[in-house]
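Accompanying notes for the structure given below.
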Amino acid sequence: MSCSFLLQAAELEVDAYADRTTIGVQDALQYTIEVTGSSADKIGTPSLPEIDGFTNSGVSTSSSSSYTLVNGSFQSSVTKKYIYTLLPQKTGRISIPSITIKYKKQQYKTRSIMINVVPGSNEPAPATSNPGTSSSTSGSETLADNLFIDVQVSNQQPYQNEPVTVNYTLYSKYQVTSLSFQNEPAYTGFWKEDVFTPNKINFTRSNRNGQIFNSMVLKKVTIFPSQTGDITVEPLAMNVDIRTESRSFFDFGSSKTYTIKSKSLKFKVKPLPEGAPDNFNGAVGSFSMDSSISESKLKVGDSFTWSVTLTGQGNFNNLELGRLSEINHLRFLDPEISTQVNSDKISGSKTIRYLVIAQEPGSFSVPPLSFSYFDYKQKKYRTLRTSTYQLDVTEGDKIIIAGSTSQSAVHLEGSDIGFIINHKLSSLQLWFDSLYYWLLILLLFITFPFTLMLQKRHDSLAADFDYQRQKKAARILKKYLKLATEYQKTSNKDFYAAAQSGMSNYLTDKLKIAKGSRSEEIINIAAAYSMPAELIAQIQALFLRCNEARFMPGGFSAENINQDFDKLKHIITELTRFKLKRKN
């Protein structure tokens, strides 16, 4: 059923209609704006306003032309259709407001359309049978009885920063010929880590509540709540092509495309309880900590390695260990940090290695390093500590001069002079009587304010999460491009997954939007920057190409992977030389 309204003018006719006025909350609505007239091809794509209760997942266009003979001359007419896919977000009666189209100072308005959204899905089940399920659909069943996405969540009332796993599985009694993502959740309010996304259609036979289905895992993610309160995650929507049943000997059947989606997810994120230790920095999970030193007996000038390893479950990519205590007579260089996260994106390890230089003879103690976290299973805070280590440092042959990067101040006793060992001073000039001394003092006073400003700027940027994301964007992109290059050399289909992930991660970091954002959202936000329209179109085409190659049968061809690789390199080259600035 459709509802439409027609306005006629000298040059244009405008028509707006929906494919039905009653729809299930799990279904998709096709809303069409149709413009007809000799100037119809001069009208830009109409912008839909925000519709409370619907999410606009994209628009497609089609056009046709007709010619008529009037009084001996041909007159042409163009019809353009703008087809919007609207996904319901709630049940009830929802109004699609009137849309205004302007052309040559004329305004053309459509009538608003009332849509009734009911629970579940009211799509009729198509006449089809899948031999793999040993069951046929009946006329009384709906599409949702035989084709649906099930979503399983490990915990819908987690603590802030607690890891939560989300698994999406497609169940079908039909023969599925093609799959593609229509809409992927943005997971606003969460830090998302992708665990699994298939690169081909691969169904297995499964028994669900006594019925036989073909099932396939569509997506696995691990999410970490970054804020508290009620958070809703929008549904995952898929375009599914199914093979319909032949009606006669001469009818070989056909394919029909349906858009289905999972239910939305509602989370109630709990704040962490009070009473956190002073050194708690937000870590949530279950951990253990080990440490070791490479040497305990050494000479002045020698170095040793102090290693601290944290293992367990949590968001390792965002974990930070506590600060080191001041340790006199030892110089700690900047640590080497390595993180290893397992495929589930929850478990793993983080290792920090400090290179330490002994600066003075004696017996010293390396105090423990502490790390506090919230154990969400036991619902309490825990603190881990490394072992205490004793060091014996003897005289050496090396000259050690304490630099500004030393962690401790120089300690002078008796005749000790600034860690200068085994060397006599032949003469001592009173530098404060020298012109060079006072010039140096003047230079220090002049440069001090600028040094202070630079340090404040450095500290501000170090605390700026968006800046750090942009700074790391190129490194993340390089990692995925390396994978894509390796797959391209062997004509491996995984090239498209690496290319898509690299582009998505790079653009979300550069545009400062949530990781896991849909490609449509990335394109829309990129358009708000002064980025050439041609470059945006190339990025959009690459995303579409990757989806086709990963999910559509026959979408991948080893013969054209080199061409797609060249397109990817061209886009990356343009992006890296382009400075993002918002349009005025």
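Here, A, B, ... name the chains of the structure tokens in the order displayed, residue numbers run from 1 inside each chain, and ligands are numbered from 1 in the same displayed order.
If you count only C-alpha atoms and ignore residues fewer than 2 places along the chain from Leu384 in chain A, what sits within 12 Å of it is Pro277, Asn279, Phe280, Ser286, Phe287, Ser288, Met289, Asp290, Ser291, Val308, Thr309, Leu310, Thr311, Leu321, Gly322, Pro368, Leu369, Ser370, Phe371, Ser372, Tyr373, Phe374, Asp375, Tyr381, Arg382, Thr386 and Ser387 of chain A.
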**Study point:** Interatomic distance (Å, one decimal) between CA of Gln107 in chain A and CA of Ile43 in chain A
**Key:** 12.0 Å
Review point. Near range 562-576 of chain A, within 8 Å and counting only C-alpha atoms, which residues show up once chain neighbours fewer than 6 positions away are dropped, as an NGL selection string?
Key: :A and (485 or 488 or 499 or 535 or 538-539 or 542)
Mind listing the strand (DSSP E) residues of range 294-411 of chain A, per DSSP on the backbone, as a PDB file with C-alpha atoms, in the first residue's frame?
ATOM      1  CA  LYS A 297      75.073  -6.936  40.347  1.00  0.00           C
ATOM      2  CA  LEU A 298      76.691  -4.376  38.053  1.00  0.00           C
ATOM      3  CA  LYS A 299      79.243  -1.568  37.822  1.00  0.00           C
ATOM      4  CA  SER A 303      72.676  -0.986  32.523  1.00  0.00           C
ATOM      5  CA  PHE A 304      70.005  -3.541  33.276  1.00  0.00           C
ATOM      6  CA  THR A 305      66.441  -4.147  32.016  1.00  0.00           C
ATOM      7  CA  TRP A 306      63.458  -3.976  34.335  1.00  0.00           C
ATOM      8  CA  SER A 307      60.436  -5.725  32.740  1.00  0.00           C
ATOM      9  CA  VAL A 308      56.819  -5.509  33.932  1.00  0.00           C
ATOM     10  CA  THR A 309      54.150  -7.704  32.282  1.00  0.00           C
ATOM     11  CA  LEU A 310      50.409  -7.379  32.793  1.00  0.00           C
ATOM     12  CA  THR A 311      48.214 -10.287  31.620  1.00  0.00           C
ATOM     13  CA  GLY A 312      44.497 -11.088  31.842  1.00  0.00           C
ATOM     14  CA  GLN A 313      41.271  -9.662  30.445  1.00  0.00           C
ATOM     15  CA  LEU A 330      69.523   5.294  38.822  1.00  0.00           C
ATOM     16  CA  ARG A 331      68.637   6.731  35.426  1.00  0.00           C
ATOM     17  CA  PHE A 332      65.529   5.319  33.681  1.00  0.00           C
ATOM     18  CA  GLU A 336      59.610   0.191  25.382  1.00  0.00           C
ATOM     19  CA  ILE A 337      55.928  -0.823  25.494  1.00  0.00           C
ATOM     20  CA  SER A 338      54.515  -3.829  23.630  1.00  0.00           C
ATOM     21  CA  THR A 339      50.869  -4.926  23.632  1.00  0.00           C
ATOM     22  CA  GLN A 340      49.584  -8.306  22.456  1.00  0.00           C
ATOM     23  CA  VAL A 341      45.798  -8.690  22.198  1.00  0.00           C
ATOM     24  CA  SER A 347      42.446 -11.161  26.702  1.00  0.00           C
ATOM     25  CA  GLY A 348      46.107 -10.422  26.149  1.00  0.00           C
ATOM     26  CA  SER A 349      49.198  -8.947  27.735  1.00  0.00           C
ATOM     27  CA  LYS A 350      51.083  -5.668  28.008  1.00  0.00           C
ATOM     28  CA  THR A 351      54.823  -5.517  28.674  1.00  0.00           C
ATOM     29  CA  ILE A 352      56.858  -2.460  29.665  1.00  0.00           C
ATOM     30  CA  ARG A 353      60.663  -2.655  29.557  1.00  0.00           C
ATOM     31  CA  TYR A 354      62.817   0.028  31.173  1.00  0.00           C
ATOM     32  CA  LEU A 355      66.516   0.345  30.406  1.00  0.00           C
ATOM     33  CA  VAL A 356      68.139   1.508  33.647  1.00  0.00           C
ATOM     34  CA  ILE A 357      71.679   2.920  34.013  1.00  0.00           C
ATOM     35  CA  ALA A 358      73.531   2.785  37.333  1.00  0.00           C
ATOM     36  CA  GLY A 362      76.351   1.404  46.430  1.00  0.00           C
ATOM     37  CA  SER A 363      73.441  -0.843  47.406  1.00  0.00           C
ATOM     38  CA  PHE A 364      70.071   0.357  46.124  1.00  0.00           C
ATOM     39  CA  SER A 365      66.484  -0.832  46.295  1.00  0.00           C
ATOM     40  CA  VAL A 366      64.074  -0.787  43.345  1.00  0.00           C
ATOM     41  CA  SER A 370      51.631  -0.817  41.720  1.00  0.00           C
ATOM     42  CA  PHE A 371      48.640  -1.202  39.392  1.00  0.00           C
ATOM     43  CA  SER A 372      45.003  -0.948  40.510  1.00  0.00           C
ATOM     44  CA  TYR A 373      41.914  -2.116  38.621  1.00  0.00           C
ATOM     45  CA  PHE A 374      38.235  -2.853  39.193  1.00  0.00           C
ATOM     46  CA  ASP A 375      37.358  -6.559  39.084  1.00  0.00           C
ATOM     47  CA  LYS A 380      35.679  -4.739  44.000  1.00  0.00           C
ATOM     48  CA  TYR A 381      38.962  -2.909  43.458  1.00  0.00           C
ATOM     49  CA  ARG A 382      42.255  -4.807  43.486  1.00  0.00           C
ATOM     50  CA  THR A 383      45.854  -3.600  43.579  1.00  0.00           C
ATOM     51  CA  LEU A 384      48.814  -5.543  42.148  1.00  0.00           C
ATOM     52  CA  ARG A 385      52.462  -4.870  42.995  1.00  0.00           C
ATOM     53  CA  TYR A 389      64.690  -5.746  43.886  1.00  0.00           C
ATOM     54  CA  GLN A 390      68.087  -5.124  45.520  1.00  0.00           C
ATOM     55  CA  LEU A 391      70.984  -3.838  43.408  1.00  0.00           C
ATOM     56  CA  ASP A 392      74.708  -3.940  44.208  1.00  0.00           C
ATOM     57  CA  VAL A 393      76.645  -1.367  42.165  1.00  0.00           C
ATOM     58  CA  THR A 394      80.458  -1.283  42.324  1.00  0.00           C
TER      59      THR A 394
END
Check your understanding: So what do you get for CA of Tyr376 in chain A versus CA of Asp194 in chain A, distance-wise?
Key -> 22.0 Å
Exercise for review: Show which residues sit within 7 Å of Leu236 in chain A, as a PyMOL selection string. Count only C-alpha atoms, and ignore same-chain residues fewer than 4 positions away.
Suggested key: chain A and resi 183-185+261-262
Write out the residues from the selection above, keeping C-alpha atoms, as a PDB file, in the first residue's frame.
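Written out: again_23.pdb:
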ATOM      1  CA  ASN A 183      23.711  -0.410   8.102  1.00  0.00           C
ATOM      2  CA  GLU A 184      26.342  -1.106  10.760  1.00  0.00           C
ATOM      3  CA  PRO A 185      25.845   0.221  14.306  1.00  0.00           C
ATOM      4  CA  LYS A 261      17.823  -6.042  10.737  1.00  0.00           C
ATOM      5  CA  SER A 262      18.511  -7.164  14.265  1.00  0.00           C
TER       6      SER A 262
END
